[in-house]
Every structure is written in C-alpha cells, then in structure tokens.
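Structure below is upload38.txt: compact mmCIF, C-alpha atoms.
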# COMPACT_ATOMS: atom_id res chain seq x y z
CA MET A 38 -30.26 86.91 99.31
CA ASN A 39 -32.99 84.35 99.85
CA THR A 40 -34.32 82.40 96.89
CA PRO A 41 -36.96 84.51 95.14
CA HIS A 42 -40.51 83.21 94.97
CA SER A 43 -41.05 84.44 91.43
CA THR A 44 -39.25 84.81 88.11
CA CYS A 45 -40.77 88.12 87.02
CA TYR A 46 -41.71 91.33 88.81
CA TYR A 47 -44.41 93.41 87.15
CA ASP A 48 -45.30 96.75 88.66
CA SER A 49 -48.82 97.48 87.47
CA GLY A 50 -48.47 101.10 88.53
CA GLY A 51 -51.58 100.93 90.70
CA ALA A 52 -51.88 102.10 94.27
CA PHE A 53 -51.27 98.54 95.48
CA ASN A 54 -49.14 95.84 93.91
CA PHE A 55 -49.36 92.69 96.00
CA TYR A 56 -48.06 90.12 93.57
CA LYS A 57 -44.90 88.91 91.96
CA HIS A 58 -45.45 86.49 89.10
CA ILE A 59 -44.14 83.17 87.87
CA PHE A 60 -44.28 83.40 84.09
CA ASP A 61 -41.37 81.06 83.37
CA GLN A 62 -42.06 77.35 83.55
CA VAL A 63 -40.52 73.97 82.90
CA ILE A 64 -42.88 71.81 80.91
CA VAL A 65 -42.14 68.10 80.60
CA SER A 66 -44.10 65.33 78.97
CA ALA A 67 -45.80 62.65 81.07
CA ASP A 68 -43.11 60.17 80.04
CA MET A 69 -40.34 62.49 81.27
CA VAL A 70 -41.82 63.39 84.67
CA LYS A 71 -40.05 60.48 86.35
CA TYR A 72 -36.70 61.92 85.16
CA PHE A 73 -37.39 65.49 86.28
CA ASP A 74 -35.24 66.35 89.31
CA LYS A 75 -37.40 68.86 91.21
CA ASP A 76 -34.72 69.26 93.89
CA ASN A 77 -32.46 70.88 91.29
CA LEU A 78 -35.03 73.38 90.00
CA LYS A 79 -33.69 76.82 90.85
CA ILE A 80 -34.35 80.45 90.04
CA VAL A 81 -30.98 81.98 89.08
CA THR A 82 -30.18 85.28 90.83
CA GLU A 83 -26.42 85.51 90.26
CA THR A 84 -23.99 84.56 87.50
CA SER A 85 -20.28 85.12 86.97
CA SER A 86 -21.31 88.29 85.10
CA GLY A 87 -23.15 89.81 88.04
CA VAL A 88 -26.18 89.92 90.29
CA LEU A 89 -29.46 89.57 88.37
CA ALA A 90 -31.82 90.62 91.18
CA ASP A 91 -31.85 92.97 94.14
CA GLY A 92 -32.10 91.87 97.78
CA LYS A 93 -35.88 91.53 97.46
CA GLY A 94 -35.59 89.18 94.47
CA ILE A 95 -36.71 91.79 91.92
CA PRO A 96 -34.91 91.35 88.57
CA ASN A 97 -32.48 94.06 87.46
CA ARG A 98 -34.33 94.91 84.26
CA LYS A 99 -32.07 97.87 83.38
CA GLU A 100 -28.94 95.75 83.06
CA TYR A 101 -30.27 92.26 82.36
CA SER A 102 -33.95 91.36 82.00
CA ASP A 103 -37.33 91.61 83.69
CA HIS A 104 -37.28 87.81 84.06
CA LEU A 105 -34.97 85.62 86.11
CA PRO A 106 -33.69 82.47 84.39
CA ILE A 107 -34.47 79.01 85.71
CA VAL A 108 -32.35 75.88 85.62
CA PHE A 109 -33.24 72.28 86.35
CA GLY A 110 -31.85 68.78 86.19
CA ILE A 111 -32.83 65.58 84.46
CA LYS A 112 -32.04 62.26 86.13
CA GLU A 113 -30.34 59.59 84.05
CA ASP A 114 -32.16 56.79 85.87
CA ALA A 115 -35.64 57.05 87.31
Now, as a test, write the supplied structure out as structure tokens.
Amino acid sequence: MNTPHSTCYYDSGGAFNFYKHIFDQVIVSADMVKYFDKDNLKIVTETSSGVLADGKGIPNRKEYSDHLPIVFGIKEDA
C-alpha cells in the first residue's frame, strides 16, 4: 500500500465526499524545530498486530481506530 495522505477518514454521509483529513499533528516549539527530523515523519499503516488501514489508506475503525498513528524522529545534533 502507498503511504496515505491523511490520518483520519471521515465519511460525512453526503452525496459526495471528496476529502480525507489530517487531524493528527506534531507540534514542536520554535527552539525544537531544528531538531525535528521531517524525513522520519510517517503515518503508520501496519504494526506487528496487523494492518491498520485498507489499500486506499482508510483506517480500519472496526478493529483499531478511525485515526492512523504518526511517528517522527528527533535529531540529537542540529
């Protein structure tokens, strides 16, 4: 599966639903920005326990959650 472009899928129930949503964020202070490793920011779709999203990147809300977790890295030296 390709990396999803969102962390949450919300079906508004309308005739058209064009959007997935990014509700989950990493917030760092201005002093920490230089340590934030943006190349290691990832939306998690699989764990050792199972697949968290379907092939379209939509979270498996029945078994896990309606949000996908995110992980990121912090550099030791900036």
Box for region 71-83 of chain A: with edges along x, y and z, all listed atoms inside and 5 Å added on each side, what are the centre and edge lengths in Å to one decimal, as lines of an AutoDock Vina configuration file?
center_x = -33.2
center_y = 73.0
center_z = 89.5
size_x = 23.6
size_y = 35.0
size_z = 18.7
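Using all atoms listed in the file, the protein and nucleic acid residues lying no more than 10 Å from Lys112 (chain A), apart from those fewer than 6 places from it along its own chain, are A:Met69, A:Val70, A:Lys71, A:Tyr72, A:Phe73, A:Asp74, A:Lys75.
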Distance of CA of Leu89 (chain A) from CA of Tyr101 (chain A), expressed in Å to one decimal place: 6.6 Å
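Taking CA of Thr84 (chain A) and CA of Pro96 (chain A) as endpoints, the distance between them is 12.9 Å.
As for CA of His104 (chain A) and CA of Gln62 (chain A), they are spaced 11.5 Å apart.
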Within 7 Å of Ile80 (chain A), counting all atoms listed in the file, which residues show up once you throw out same-chain ones fewer than 4 positions away? Write them as an MDAnalysis selection string, please. chainID A and resid 44 105:108
